[in-house]
Amino acid sequence: MQIAYLDCSSGISGDMTVAALVDAGVDFGAICAGIESLKLPGVRLETQTVMRCGFRATYLRIEHPEQHAHRHFADICRIIDAADRLSPPQKDLARRIFTAIGEAEARVHGSTLEQIHFHEVGAIDSIVDIVAAAIGFDLLGADQILSGPVPTGRGQVRIAHGVCTVPTPGTAELLKGIPLIDVPVDAELTTPTGAAILRTVVSRFGPLPAMTIETIGYGAGTKDFADRANVLRLLVGEAAAHESTDEVWVLETNLDDVPGEVIGYTKQKLLAAGALDVFSTPIQMKKDRPGVLLSVIARLGDRERLESLMFTETATFGIRRRLVERTKRARQECQVETAWGTIQGKLGKLGDQVVFTPEFESCATVAARYNIPLRDVYREAEAAFGRNPVAFTETPSPKLVAADATSHEHSHSHDHGHDHGHDH
């Protein structure tokens with residue numbers, strides 16, 4: 001699996017992203033052709049090699065006439081949809097990036113996506129940045145895009161609504177749920193366009209994963225800082241086949257005044273709302289009161305919603321959270337044929353080791369149907385897999401079947417906008 005990793009140690013903006021993609025080998029001519037099809041008069045793209053704190057990088061320059069248009073979301077969509085050199089995936093990605101910006105701005109200003117004015121982000125250079133980035137990521141063809149933690153910078157900047165503290169309100173809204181780091185630079189390191197690109201294309205944030213690097217691209221920001229290279233680094237390569245890692249939130253709260261019925265109900269609601277796992281542990285709290293530790297494992301984008309549910313259902317006064325990295329087995333669904341019919345299960349693979357686990361619901365259904373112990377169904381499913389193991393495939397088909405020869409002896413069958421972005 002090919003992955004692309006964004007090293008945002010000096011922040012990210014739209015032009016830095018496009019420059020890094022080009023520097024990593026994406027066809028700059030194809031990007032220019034796509035931008036020309038937007039039919040924005042007087043727009044021209046050029047790249048040049050620059051030095052940032054002693055390191056070589058590619059810098060993107062966008063030349064365009066001065067304009068003062070404040071566009072709505074529908075206006076920008078019409079420009080994108082009319083471009084005849086953009087593929088459907090490129091148009092879709094560009095619209096999704098603009099949607100992320102529009103929804104963030106709408107929340108900040110108490111408006112709606114349809115009513116919001118795209119001020120600086122609706123300007124020509126920002127439209128070009130976003131569409132060029134959408135073209136670039138599509139041409140890059142990475143199966144997964146990852147990113148390191150993101151610095152916002154410090155200080156204040158002037159935008160269309162006046163002077164704002166970094167990160168500006170729209171950028172801060174876009175960065176919700178994304179891990180941030182503090183870099184002591186008095187400048188806006190991450191722009192609204194850069195934040196919107198991260199929110200739209202990145203599947204997870206964390207340290208550099210296990211991978212074999214093939215190409216590296218460096219995209220330069222406009223400013224040249226004295227103590228650090230103002231570049232966005234893009235590393236492209238193959239993920240290590242033996243390991244799959246990601247990051248999740250662990251949410252915890254101590255409860256000593258909540259009935260067991262409420263805790264059980266809350267656990268079910270959390271699972272239904274998308275929690276990866278929910279569990280409770282008996283604990284001894286202050287004043288020797290027995291209590292319960294309620295723990296939730298959540299995807300990065302689900303933290304805020306699941307925390308809100310925990311506060312609402314338990315009336316707790318506080319929730320602890322920590323970001324943890326986990327190693328997972330690659331997994332795929334399969335099924336085995338037993339004397340009692342088909343049993344659903346999962347294959348898990350880590351390195352060269354493959355394990356098979358029967359699914360509880362499938363085993364329980366068979367056990368109830370034939371009035372046999374559940375443990376016997378589990379044993380038979382595992383034995384059926386042992387007699388006819390299913391090979392783990394890197395691109396699994398929807399259903400893999402391990403046919404047990406003995407099962408065929410039975411007659412029954414079961415079918416189952418911001419112009420300050422370029423100051424960075």
# chains A, B, ... in the order shown; residues from 1 in each chain; ligands from 1

$ select_by_dssp --residues "region 191-361 of chain A" --states "strand (DSSP E or B)" --output "PyMOL selection string"
chain A and resi 204-205+211-220+231-239+244-255+277-284+290-298+320-328+330-338+341-350+353-358

$ select_by_dssp --residues "region 4-151 of chain A" --states "helix (DSSP H, G or I)" --output "ChimeraX atom specification"
/A:14-23,28-36,73-81,88-109,120-122,124-140

$ closest_residue --among "A:Ile181, A:Val50, A:Ile197, A:Ala33" --to "Ile101 (chain A)" --atoms "only C-alpha atoms"
A:Ile197

$ residues_around --residues "Gly217 (chain A)" --least-positions-apart "3" --cutoff "12 Å" --atoms "only C-alpha atoms" --output "ChimeraX atom specification"
/A:4-7,16-26,49,55-59,140,213-214,220,231-237

$ residues_around --residues "Val296 (chain A)" --least-positions-apart "5" --cutoff "12 Å" --atoms "only C-alpha atoms" --output "MDAnalysis selection string"
chainID A and resid 248:253 266:271 273:281 302:303 306:307 309:310 319:323

$ residues_around --residues "region 134-138 of chain A" --least-positions-apart "3" --cutoff "6 Å" --atoms "only C-alpha atoms" --output "MDAnalysis selection string"
chainID A and resid 90 93:94 131 141

$ write_last_selection --atoms "N, CA and C atoms" --output "compact mmCIF listing (two decimals), in the first residue's frame"
# COMPACT_ATOMS: atom_id res chain seq x y z
N GLN A 90 -11.14 14.66 -9.02
CA GLN A 90 -10.49 15.94 -8.71
C GLN A 90 -11.52 17.00 -8.37
N LEU A 93 -12.90 16.20 -4.82
CA LEU A 93 -11.99 16.54 -3.73
C LEU A 93 -11.93 18.05 -3.54
N ALA A 94 -11.88 18.82 -4.63
CA ALA A 94 -11.85 20.28 -4.51
C ALA A 94 -13.11 20.79 -3.82
N VAL A 131 -7.77 23.80 -5.89
CA VAL A 131 -7.97 22.95 -7.06
C VAL A 131 -6.66 22.28 -7.46
N GLY A 141 -1.85 9.53 -6.31
CA GLY A 141 -2.40 8.18 -6.26
C GLY A 141 -2.10 7.40 -5.00

$ residues_around --residues "Arg379 (chain A)" --least-positions-apart "5" --cutoff "12 Å" --atoms "only C-alpha atoms" --output "PyMOL selection string"
chain A and resi 338-339+343+356-358+363+367+372-374+384-386

$ write_last_selection --atoms "N, CA, C and O atoms" --output "PDB file, in the first residue's frame"
ATOM      1  N   THR A 338     -19.498 -25.844   8.140  1.00  0.00           N
ATOM      2  CA  THR A 338     -19.455 -26.859   9.197  1.00  0.00           C
ATOM      3  C   THR A 338     -20.615 -27.827   9.035  1.00  0.00           C
ATOM      4  O   THR A 338     -21.455 -27.686   8.137  1.00  0.00           O
ATOM      5  N   ALA A 339     -20.658 -28.793   9.933  1.00  0.00           N
ATOM      6  CA  ALA A 339     -21.767 -29.753   9.919  1.00  0.00           C
ATOM      7  C   ALA A 339     -23.109 -29.083  10.130  1.00  0.00           C
ATOM      8  O   ALA A 339     -24.156 -29.648   9.788  1.00  0.00           O
ATOM      9  N   ILE A 343     -20.570 -20.641   9.049  1.00  0.00           N
ATOM     10  CA  ILE A 343     -20.206 -19.826  10.208  1.00  0.00           C
ATOM     11  C   ILE A 343     -19.365 -18.660   9.714  1.00  0.00           C
ATOM     12  O   ILE A 343     -18.367 -18.850   9.008  1.00  0.00           O
ATOM     13  N   PHE A 356      -7.731 -17.134  12.836  1.00  0.00           N
ATOM     14  CA  PHE A 356      -9.150 -17.143  12.489  1.00  0.00           C
ATOM     15  C   PHE A 356      -9.968 -17.043  13.765  1.00  0.00           C
ATOM     16  O   PHE A 356      -9.711 -17.755  14.745  1.00  0.00           O
ATOM     17  N   THR A 357     -10.968 -16.166  13.771  1.00  0.00           N
ATOM     18  CA  THR A 357     -11.852 -16.002  14.918  1.00  0.00           C
ATOM     19  C   THR A 357     -13.300 -16.096  14.458  1.00  0.00           C
ATOM     20  O   THR A 357     -13.738 -15.290  13.629  1.00  0.00           O
ATOM     21  N   PRO A 358     -14.070 -17.072  14.955  1.00  0.00           N
ATOM     22  CA  PRO A 358     -15.493 -17.136  14.600  1.00  0.00           C
ATOM     23  C   PRO A 358     -16.240 -15.937  15.173  1.00  0.00           C
ATOM     24  O   PRO A 358     -15.886 -15.418  16.233  1.00  0.00           O
ATOM     25  N   CYS A 363     -22.173 -17.856  15.499  1.00  0.00           N
ATOM     26  CA  CYS A 363     -22.121 -19.084  16.292  1.00  0.00           C
ATOM     27  C   CYS A 363     -23.353 -19.218  17.185  1.00  0.00           C
ATOM     28  O   CYS A 363     -23.914 -20.318  17.344  1.00  0.00           O
ATOM     29  N   ALA A 367     -26.034 -22.266  17.382  1.00  0.00           N
ATOM     30  CA  ALA A 367     -26.230 -22.972  18.646  1.00  0.00           C
ATOM     31  C   ALA A 367     -27.705 -23.001  19.044  1.00  0.00           C
ATOM     32  O   ALA A 367     -28.224 -24.032  19.512  1.00  0.00           O
ATOM     33  N   ILE A 372     -27.490 -26.777  20.672  1.00  0.00           N
ATOM     34  CA  ILE A 372     -26.200 -27.349  21.030  1.00  0.00           C
ATOM     35  C   ILE A 372     -25.395 -26.297  21.783  1.00  0.00           C
ATOM     36  O   ILE A 372     -25.658 -25.095  21.661  1.00  0.00           O
ATOM     37  N   PRO A 373     -24.422 -26.707  22.578  1.00  0.00           N
ATOM     38  CA  PRO A 373     -23.641 -25.727  23.334  1.00  0.00           C
ATOM     39  C   PRO A 373     -22.879 -24.777  22.416  1.00  0.00           C
ATOM     40  O   PRO A 373     -22.327 -25.186  21.380  1.00  0.00           O
ATOM     41  N   LEU A 374     -22.829 -23.532  22.802  1.00  0.00           N
ATOM     42  CA  LEU A 374     -22.122 -22.522  22.003  1.00  0.00           C
ATOM     43  C   LEU A 374     -20.649 -22.891  21.840  1.00  0.00           C
ATOM     44  O   LEU A 374     -20.074 -22.718  20.753  1.00  0.00           O
ATOM     45  N   ALA A 384     -12.988 -26.556  11.386  1.00  0.00           N
ATOM     46  CA  ALA A 384     -13.252 -26.474   9.954  1.00  0.00           C
ATOM     47  C   ALA A 384     -12.227 -25.584   9.259  1.00  0.00           C
ATOM     48  O   ALA A 384     -11.752 -25.905   8.166  1.00  0.00           O
ATOM     49  N   PHE A 385     -11.880 -24.496   9.916  1.00  0.00           N
ATOM     50  CA  PHE A 385     -10.855 -23.629   9.340  1.00  0.00           C
ATOM     51  C   PHE A 385      -9.494 -24.331   9.325  1.00  0.00           C
ATOM     52  O   PHE A 385      -8.722 -24.213   8.374  1.00  0.00           O
ATOM     53  N   GLY A 386      -9.197 -25.096  10.387  1.00  0.00           N
ATOM     54  CA  GLY A 386      -7.935 -25.817  10.445  1.00  0.00           C
ATOM     55  C   GLY A 386      -7.814 -26.850   9.348  1.00  0.00           C
ATOM     56  O   GLY A 386      -6.719 -27.075   8.807  1.00  0.00           O
TER      57      GLY A 386
END

$ atom_distance --atom1 "CA of Glu313 (chain A)" --atom2 "CA of Pro179 (chain A)"
26.6 Å

$ closest_residue --among "A:Met1, A:Val377, A:Asp352, A:Ala383" --to "Ala364 (chain A)" --atoms "only C-alpha atoms"
A:Val377

$ closest_residue --among "A:Arg228, A:Arg299, A:His109, A:Lys346" --to "Arg329 (chain A)" --atoms "only C-alpha atoms"
A:Lys346

$ closest_residue --among "A:Ile76, A:Ala142, A:Leu208, A:Ala132" --to "Ile116 (chain A)" --atoms "only C-alpha atoms"
A:Ile76

$ closest_residue --among "A:Glu304, A:Ile79, A:Val366, A:His70" --to "Lys176 (chain A)" --atoms "only C-alpha atoms"
A:Glu304

$ closest_residue --among "A:Pro89, A:Pro290, A:Gly345, A:Gly153" --to "Cys8 (chain A)" --atoms "only C-alpha atoms"
A:Gly153

$ residues_around --residues "Asp182 (chain A)" --least-positions-apart "5" --cutoff "10 Å" --atoms "only C-alpha atoms" --output "number ranges by chain"
A: 9, 149-154
